[in-house]
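J.: For reference, the structure I am asking about is given below.
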2 protein chains.
Amino acid sequence: MASGASKETQRGATSYDVARRAGVSQSAVSRCFKQGASVAPRTRERILTAARELNYYPNAIAQGLITRRSNLVAIIISNLTNLYHPEVLAELTQRLSAHGIRVLLFSLAAESDVDEVLDQVWRYRVDGAVVAARLHPDQLAAFADRVVPVVLYNRVGEGVPVASVCCDSISGEHALVEALVEAEHRVFGIIAGPADSYIGEERVDAAHSRLQQLGKDCRIVRGNFDYDSGGAALKELMQQTNRKLDALICANDVMAIGAIDSARITFGLQVPGDLSVVGFDGVGPATWLAYQVTTIRQPVRRMTEAAVAMLLERIERPKLSPEQRLFAGELLPGSSARLSS
Amino acid sequence: MASGASKETQRGATSYDVARRAGVSQSAVSRCFKQGASVAPRTRERILTAARELNYYPNAIAQGLITRRSNLVAIIISNLTNLYHPEVLAELTQRLSAHGIRVLLFSLAAESDVDEVLDQVWRYRVDGAVVAARLHPDQLAAFADRVVPVVLYNRVGEGVPVASVCCDSISGEHALVEALVEAEHRVFGIIAGPADSYIGEERVDAAHSRLQQLGKDCRIVRGNFDYDSGGAALKELMQQTNRKLDALICANDVMAIGAIDSARITFGLQVPGDLSVVGFDGVGPATWLAYQVTTIRQPVRRMTEAAVAMLLERIERPKLSPEQRLFAGELLPGSSARLSS
DNA sequence: CCAGTTCGTGCATGCGGTTGCAAGCCGTCC
DNA sequence: GGACGGCTTGCAACCGCATGCACGAACTGG
């Protein structure tokens with residue numbers, strides 16, 4: 001049934017082939033596959049039968065050419081390996097699929113690839129793009145010029161007004177800091193993300209400023225969001241604080257986990273007994289028994305849903321203003337930090 | 001510079017626009033963007049200038065229509081969330097990009113979505129597909145019928161001859177089993193993957209049969225590849241073996257980690273002192289200090305490279321035979337198992 | 001029974017490129 | 001000086017489908 005490669009199926013039957021077999025015109029076939037077009041039930045039946053027999057599927061490429069709608073959306077991700085939410089990508093593609101839109105995936109190995117990627121994005125005449133990578137304002141402006149809607153994911157258009165969906169770093173970090181201060185921690189340290197991560201900086205700034213408001217000083221060391229850098233940064237902070245560190249705020253969960261392991265194994269500390277550690281994101285491993293990281297969980301499902309909704313709206317109505325949607329994360333108490341509550 | 005939306009850039013300049021501005025025919029423009037076509041240097045210069053001024057990019061959709069090459073490859077993944085190698089996707093897309101091929105990503109939420117996905121795959125006239133999902137033989141046959149090359153990733157065409165790239169489960173599990181037996185473990189347990197995972201079954205069968213050959217008995221409990229199921233399966237095995245279990249073989253690393261945490265925290269055991277645990281895959285967390293899982297690391301880079309190479313070959317020469325490439329994994333000694341070496 | 005609708009269908013055109021063919025241009029060689 | 005060959009370039013015909021328009025048939029109402 002699935003085999004039997006006749007001449008027609010060899011290279012994909014066309015609407016003409018179907019038309020001939022059903023004894024109608026090509027336009028009838030086209031209408032038959034279009035929602036809400038006027039076709040008599042009997043004809044439709046004949047056409048659908050012929051189509052089935054020929055294994056006909058409308059050529060989306062040709063459709064795209066004539067309708068000027070490719071039904072393609074580009075997803076541009078800076079670094080899949082550092083995407084500690086594989087679910088984000090899965091959720092986005094599944095939600096877009098549900099709306100009849102296909103995903104063209106671009107993964108950047110390096111910042112410098114952005115222009116090459118955009119080149120391809122223009123060529124494929126995508127209907128829109130979801131971007132989880134750092135784009136230069138000029139590059140964002142190029143999207144506006146070409147009237148292709150963009151939604152940034154956990155990024156903001158630095159200077160350029162552009163639609164975005166983010167998890168609220170500021171309120172999240174404030175909550176963490178307040179809980180730590182409330183529990184009377186004394187010596188604070190922060191492990192930042194890489195300097196070129198906007199969201200990393202935002203988290204660190206939020207934590208830092210709230211600490212200052214509450215009259216606490218702190219040391220900041222930079223990591224790069226990965227496991228090893230968490231341990232390395234902890235070591236650095238231990239030196240700087242003469243081992244007095246008792247509260248550690250990490251810009252993401254993976255570094256928090258690295259720091260926890262290092263604290264326990266390298267420094268022989270109790271977590272949270274001697275050192276409280278908090279993270280951000282709520283990734284899978286954060287909930288593992290060995291860690292149970294006290295962290296802020298991003299509402300991934302709601303965020304991806306919002307991103308898709310915003311993008312689809314803007315594909316329909318390109319003039320829509322560049323709304324920014326901010327989602328509050330949920331504080332997961334965990335047990336990597338001593339909290340008073 | 002990047003702004004200034006003139007009429008021409010509004011909806012994408014066409015080759016006619018460029019031709020008019022450069023004072024040449026449309027075909028000249030086309031040739032100018034085609035590798036190895038004959039265009040006089042002076043003309044080319046004029047055309048490229050005009051193209052730049054108009055922000056012209058050839059319409060890949062139109063090119064695809066006429067050349068019958070979309071330069072699109074579908075990547076079909078069963079469940080991104082369970083893809084414990086995010087790098088696989090990143091590597092595949094980057095390698096394909098390097099060859100001028102774009103990735104159309106399909107993520108399956110459920111098995112039942114396969115037919116819908118294939119529908120779209122046919123419509124977009126992709127040049128080929130990389131599949132890391134379980135397809136029914138009929139579905140694989142459909143690819144053959146339509147002459148669109150497929151390469152399976154860590155899957156095999158059950159009954160259907162189809163190109164594939166796999167990590168050698170059998171030799172990997174044999175190595176692990178032999179090392180455990182050599183170190184004189186006595187009571188063996190296996191945590192299997194879900195029944196519908198071909199590769200999971202293969203790993204378990206390999207471990208089981210080798211154990212039998214070496215005169216060791218073992219108990220098998222099924223998990224589903226995730227963290228929690230590792231702990232749950234360990235609990236089950238502890239009951240079945242009356243707590244005598246001293247060697248645990250897990251079908252993947254994540255379950256191994258779940259089991260390690262559960263052994264230490266729930267059962268108060270030493271790993272590897274009281275219980276040796278081995279996994280499979282070599283995912284990131286397996287190397288974390290707290291675990292250092294003894295496991296088989298898949299050579300992801302070589303495997304993705306091979307997958308891409310095989311696919312490209314078959315796009316050029318569809319008649320190529322359905323080769324299967326098997327890559328040996330590397331034994332990472334780790335420290336979650338007591339080994340004699 | 002005829003005029004006015006409504007519905008269904010075919011014709012023809014165009015989306016934005018590619019490419020075979022032939023014509024034009026120019027230099028070369030006998 | 002004329003024939004010839006190579007390099008450029010334009011012409012025109014598609015690729016597979018969507019869609020405005022016109023026309024015939026069926027249906028309705030007076």
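Residue numbers start at 1 in each chain; chains themselves are named A, B, ... in the order of the structure tokens; ligands are numbered from 1 in the order shown.
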With only C-alpha atoms (C1' of nucleotides) counted and 9 Å as the cut-off, give the residues of chain C in contact with segment 5-27 of chain D, each with its shortest interatomic distance in Å and the pair that gives it, as a Markdown table.
T.:
```
| residue | atom | partner | partner_atom | distance |
| --- | --- | --- | --- | --- |
| C:DT5 | C1' | D:DC27 | C1' | 8.1 |
| C:DT6 | C1' | D:DC27 | C1' | 7.9 |
| C:DC7 | C1' | D:DA26 | C1' | 8.2 |
| C:DG8 | C1' | D:DA25 | C1' | 8.7 |
| C:DC11 | C1' | D:DA22 | C1' | 8.9 |
| C:DT18 | C1' | D:DC14 | C1' | 9.0 |
| C:DC21 | C1' | D:DC11 | C1' | 8.9 |
| C:DA22 | C1' | D:DC11 | C1' | 8.9 |
| C:DA23 | C1' | D:DG10 | C1' | 8.6 |
| C:DG24 | C1' | D:DT9 | C1' | 8.3 |
| C:DC25 | C1' | D:DT8 | C1' | 8.3 |
| C:DT28 | C1' | D:DG5 | C1' | 8.9 |
```
J.: For the residues in that selection, give me C-alpha atoms (C1' of nucleotides) as a PDB file, in the first residue's frame.
T.:
```pdb
ATOM      1  C1'  DT C   5     -29.685  34.960  -8.139  1.00  0.00           C
ATOM      2  C1'  DT C   6     -26.548  31.814  -6.568  1.00  0.00           C
ATOM      3  C1'  DC C   7     -23.383  28.276  -7.060  1.00  0.00           C
ATOM      4  C1'  DG C   8     -19.759  25.650  -9.445  1.00  0.00           C
ATOM      5  C1'  DC C  11      -9.577  30.067 -18.400  1.00  0.00           C
ATOM      6  C1'  DT C  18      16.278  29.153 -13.838  1.00  0.00           C
ATOM      7  C1'  DC C  21      18.718  28.657 -27.164  1.00  0.00           C
ATOM      8  C1'  DA C  22      20.172  32.019 -30.273  1.00  0.00           C
ATOM      9  C1'  DA C  23      21.839  36.378 -31.316  1.00  0.00           C
ATOM     10  C1'  DG C  24      25.389  39.944 -30.720  1.00  0.00           C
ATOM     11  C1'  DC C  25      29.931  41.369 -30.021  1.00  0.00           C
ATOM     12  C1'  DT C  28      41.934  36.073 -34.051  1.00  0.00           C
TER      13       DT C  28
END
```
J.: Among segment 87-140 of chain A, which ones does DSSP place in strand (DSSP E), written as a PyMOL selection string?
T.: chain A and resi 102-107+128-132
J.: If we count only C-alpha atoms (C1' of nucleotides), what is near segment 167-179 of chain A at a cut-off of 10 Å, once residues fewer than 5 positions away on the same chain are taken out, given as a short mmCIF file (atom, residue, chain, number, x, y, z; two decimals) with N, CA and C atoms, in the first residue's frame?
T.:
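Here's the written file result_13.cif:
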```cif
data_model
loop_
_atom_site.label_atom_id
_atom_site.label_comp_id
_atom_site.auth_asym_id
_atom_site.auth_seq_id
_atom_site.Cartn_x
_atom_site.Cartn_y
_atom_site.Cartn_z
N TYR A 153 12.97 36.12 22.92
CA TYR A 153 12.68 35.24 24.04
C TYR A 153 13.76 35.42 25.10
N ASN A 154 13.36 35.88 26.25
CA ASN A 154 14.30 36.17 27.33
C ASN A 154 15.44 37.08 26.89
N ARG A 155 15.10 37.98 26.01
CA ARG A 155 16.04 38.99 25.56
C ARG A 155 15.23 40.28 25.43
N GLU A 184 18.99 35.97 57.88
CA GLU A 184 20.19 36.47 58.55
C GLU A 184 21.52 35.91 58.07
N HIS A 185 21.62 35.81 56.76
CA HIS A 185 22.94 35.50 56.22
C HIS A 185 23.79 36.75 56.32
N PHE A 188 27.72 37.74 51.61
CA PHE A 188 27.09 37.39 50.34
C PHE A 188 28.07 37.35 49.17
N ILE A 199 20.55 39.00 30.04
CA ILE A 199 19.72 38.53 31.14
C ILE A 199 20.56 38.19 32.37
N GLY A 200 21.76 37.71 32.12
CA GLY A 200 22.66 37.42 33.24
C GLY A 200 22.97 38.70 34.00
N GLU A 201 23.28 39.74 33.26
CA GLU A 201 23.60 41.01 33.91
C GLU A 201 22.40 41.55 34.68
N GLU A 202 21.24 41.38 34.07
CA GLU A 202 20.04 41.89 34.71
C GLU A 202 19.81 41.21 36.06
N ARG A 203 20.01 39.91 36.07
CA ARG A 203 19.81 39.18 37.32
C ARG A 203 20.80 39.63 38.38
N VAL A 204 22.03 39.76 37.98
CA VAL A 204 23.07 40.14 38.94
C VAL A 204 22.83 41.56 39.44
N ASP A 205 22.49 42.46 38.54
CA ASP A 205 22.23 43.83 38.96
C ASP A 205 21.08 43.88 39.96
N ALA A 206 20.04 43.10 39.65
CA ALA A 206 18.88 43.10 40.54
C ALA A 206 19.26 42.60 41.93
N ALA A 207 19.99 41.52 41.97
CA ALA A 207 20.38 40.95 43.26
C ALA A 207 21.29 41.94 44.00
N HIS A 208 22.24 42.47 43.27
CA HIS A 208 23.22 43.36 43.87
C HIS A 208 22.55 44.60 44.46
N SER A 209 21.68 45.21 43.68
CA SER A 209 21.10 46.46 44.15
C SER A 209 20.18 46.22 45.35
N ARG A 210 19.47 45.10 45.31
CA ARG A 210 18.59 44.82 46.44
C ARG A 210 19.43 44.57 47.71
N LEU A 211 20.54 43.89 47.55
CA LEU A 211 21.41 43.66 48.70
C LEU A 211 21.88 44.98 49.27
N LEU A 214 19.39 46.74 51.24
CA LEU A 214 19.19 46.13 52.56
C LEU A 214 20.46 46.23 53.41
N ALA A 247 26.31 32.97 51.93
CA ALA A 247 25.14 33.03 51.03
C ALA A 247 25.63 33.29 49.62
N LEU A 248 25.20 32.43 48.70
CA LEU A 248 25.70 32.52 47.32
C LEU A 248 24.53 32.60 46.36
N ILE A 249 24.57 33.65 45.55
CA ILE A 249 23.50 33.86 44.57
C ILE A 249 24.07 33.62 43.18
N CYS A 250 23.49 32.66 42.47
CA CYS A 250 24.04 32.32 41.16
C CYS A 250 23.09 32.75 40.05
N ALA A 251 23.66 33.20 38.97
CA ALA A 251 22.85 33.73 37.87
C ALA A 251 22.07 32.66 37.13
N VAL A 278 21.55 29.81 46.04
CA VAL A 278 20.31 29.94 45.25
C VAL A 278 20.66 30.11 43.78
N GLY A 279 19.73 29.69 42.93
CA GLY A 279 19.97 29.76 41.49
C GLY A 279 18.89 30.54 40.77
N PHE A 280 18.69 30.20 39.52
CA PHE A 280 17.62 30.82 38.73
C PHE A 280 17.37 29.97 37.50
N ASP A 281 16.12 29.71 37.21
CA ASP A 281 15.65 29.02 36.01
C ASP A 281 14.65 27.91 36.34
N THR A 294 17.25 25.89 45.69
CA THR A 294 16.32 26.99 45.94
C THR A 294 16.47 27.96 44.77
N THR A 295 15.40 28.15 44.04
CA THR A 295 15.55 28.88 42.78
C THR A 295 14.24 29.51 42.34
N ILE A 296 14.32 30.24 41.23
CA ILE A 296 13.12 30.81 40.63
C ILE A 296 12.83 30.01 39.36
N ARG A 297 11.67 29.43 39.29
CA ARG A 297 11.35 28.65 38.10
C ARG A 297 10.65 29.51 37.06
N GLN A 298 11.17 29.49 35.87
CA GLN A 298 10.53 30.22 34.78
C GLN A 298 9.28 29.48 34.33
N PRO A 299 8.22 30.20 34.07
CA PRO A 299 7.00 29.56 33.60
C PRO A 299 7.09 29.30 32.10
N VAL A 300 7.85 28.27 31.76
CA VAL A 300 8.19 28.03 30.35
C VAL A 300 6.96 27.88 29.46
N MET A 303 5.30 31.15 28.93
CA MET A 303 6.15 32.06 28.14
C MET A 303 6.16 31.67 26.66
N ARG A 325 6.22 41.42 27.26
CA ARG A 325 5.50 40.70 28.31
C ARG A 325 6.49 40.09 29.29
N LEU A 326 6.22 40.36 30.55
CA LEU A 326 7.13 39.95 31.61
C LEU A 326 6.39 38.95 32.49
N PHE A 327 6.97 37.78 32.68
CA PHE A 327 6.32 36.77 33.50
C PHE A 327 7.07 36.60 34.81
N ALA A 328 6.34 36.58 35.88
CA ALA A 328 6.98 36.35 37.18
C ALA A 328 7.33 34.87 37.31
N GLY A 329 8.49 34.60 37.85
CA GLY A 329 8.86 33.22 38.11
C GLY A 329 8.31 32.79 39.45
N GLU A 330 8.39 31.51 39.70
CA GLU A 330 7.87 30.97 40.95
C GLU A 330 9.04 30.59 41.85
N LEU A 331 9.00 31.01 43.09
CA LEU A 331 10.08 30.66 44.01
C LEU A 331 9.93 29.21 44.45
N LEU A 332 10.91 28.40 44.09
CA LEU A 332 10.93 27.02 44.57
C LEU A 332 11.81 27.00 45.81
N PRO A 333 11.26 26.69 46.95
CA PRO A 333 12.03 26.76 48.19
C PRO A 333 13.24 25.82 48.18
N ALA A 337 19.22 26.29 50.43
CA ALA A 337 19.42 27.54 51.17
C ALA A 337 18.65 27.47 52.48
N ARG A 338 19.23 28.02 53.48
CA ARG A 338 18.56 28.10 54.78
C ARG A 338 17.66 29.33 54.77
N LEU A 339 16.38 29.10 54.77
CA LEU A 339 15.43 30.22 54.76
C LEU A 339 14.65 30.19 56.06
N SER A 340 14.23 31.36 56.51
CA SER A 340 13.61 31.43 57.83
C SER A 340 12.18 30.89 57.83
N SER A 341 11.50 31.07 56.74
CA SER A 341 10.08 30.68 56.72
C SER A 341 9.92 29.22 57.08
#
```
J.: Which parts of segment 2-133 of chain B does DSSP call alpha helix (DSSP H) when run on the backbone here, written out as a PyMOL selection string?
T.: chain B and resi 7-10+15-22+26-32+41-54+60-67+86-98+114-123
J.: Can those selected residues be exported to a file as a short mmCIF file (atom, residue, chain, number, x, y, z; two decimals), in the first residue's frame so that it contains C-alpha atoms?
T.:
```cif
data_model
loop_
_atom_site.label_atom_id
_atom_site.label_comp_id
_atom_site.auth_asym_id
_atom_site.auth_seq_id
_atom_site.Cartn_x
_atom_site.Cartn_y
_atom_site.Cartn_z
CA LYS B 7 9.04 51.09 -1.58
CA GLU B 8 11.29 48.46 -3.04
CA THR B 9 12.44 47.04 0.25
CA GLN B 10 8.96 46.97 1.71
CA SER B 15 15.38 40.24 -9.56
CA TYR B 16 13.37 42.42 -11.96
CA ASP B 17 13.80 45.41 -9.69
CA VAL B 18 17.50 44.82 -9.59
CA ALA B 19 17.65 44.27 -13.35
CA ARG B 20 15.86 47.51 -14.06
CA ARG B 21 18.11 49.48 -11.76
CA ALA B 22 21.25 47.94 -13.22
CA GLN B 26 16.41 39.70 -15.25
CA SER B 27 18.34 36.64 -16.37
CA ALA B 28 21.58 38.50 -15.93
CA VAL B 29 20.68 39.10 -12.32
CA SER B 30 19.87 35.47 -11.85
CA ARG B 31 23.17 34.41 -13.36
CA CYS B 32 24.99 36.88 -11.22
CA PRO B 41 32.98 41.53 -14.51
CA ARG B 42 31.66 45.02 -15.25
CA THR B 43 28.07 43.85 -15.45
CA ARG B 44 28.38 41.78 -12.32
CA GLU B 45 29.67 44.81 -10.51
CA ARG B 46 26.72 46.95 -11.60
CA ILE B 47 24.26 44.25 -10.67
CA LEU B 48 25.75 43.61 -7.26
CA THR B 49 25.68 47.30 -6.50
CA ALA B 50 22.06 47.57 -7.50
CA ALA B 51 21.25 44.50 -5.46
CA ARG B 52 22.91 45.96 -2.42
CA GLU B 53 21.11 49.24 -2.82
CA LEU B 54 17.78 47.49 -3.07
CA ALA B 60 14.72 30.75 -2.01
CA ILE B 61 11.10 29.69 -2.38
CA ALA B 62 11.06 30.58 -6.06
CA GLN B 63 14.45 28.98 -6.55
CA GLY B 64 13.22 25.84 -4.91
CA LEU B 65 10.18 25.73 -7.11
CA ILE B 66 12.07 25.77 -10.35
CA THR B 67 15.16 23.82 -9.42
CA PRO B 86 20.95 18.88 23.01
CA GLU B 87 24.23 19.01 21.18
CA VAL B 88 22.97 16.50 18.64
CA LEU B 89 20.48 18.97 17.29
CA ALA B 90 22.94 21.83 17.40
CA GLU B 91 25.60 19.83 15.64
CA LEU B 92 23.26 18.60 12.97
CA THR B 93 21.89 22.02 12.13
CA GLN B 94 25.30 23.63 12.11
CA ARG B 95 26.80 20.99 9.90
CA LEU B 96 23.91 21.13 7.49
CA SER B 97 24.08 24.91 7.44
CA ALA B 98 27.70 24.68 6.49
CA VAL B 114 3.94 11.20 12.98
CA ASP B 115 1.49 11.13 10.12
CA GLU B 116 0.70 14.80 10.44
CA VAL B 117 4.38 15.58 10.45
CA LEU B 118 5.04 13.47 7.40
CA ASP B 119 2.20 15.22 5.62
CA GLN B 120 4.06 18.49 6.10
CA VAL B 121 7.34 16.91 5.14
CA TRP B 122 5.88 15.89 1.79
CA ARG B 123 4.35 19.27 1.21
#
```
J.: Residues of chain C within 12 Å of chain B, counting only C-alpha atoms (C1' of nucleotides) - could you list those as a list in words?
T.: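 Residues of chain C within 12 Å of chain B, counting only C-alpha atoms (C1' of nucleotides): DC15, DG16, DG17, DT18 and DT19 of chain C.
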J.: Grab the residues selected above and save them as a short mmCIF file (atom, residue, chain, number, x, y, z; two decimals), in the first residue's frame with C-alpha atoms (C1' of nucleotides).
T.:
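File selection-v8.cif, as written:
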```cif
data_model
loop_
_atom_site.label_atom_id
_atom_site.label_comp_id
_atom_site.auth_asym_id
_atom_site.auth_seq_id
_atom_site.Cartn_x
_atom_site.Cartn_y
_atom_site.Cartn_z
"C1'" DC C 15 4.32 34.64 -8.12
"C1'" DG C 16 10.10 35.11 -8.68
"C1'" DG C 17 13.22 32.72 -10.23
"C1'" DT C 18 16.28 29.15 -13.84
"C1'" DT C 19 17.93 27.80 -18.06
#
```
J.: What is the distance between atom CA of Leu289 of chain B and atom CA of Ser336 of chain A, in Å to one decimal?
T.: 16.7 Å
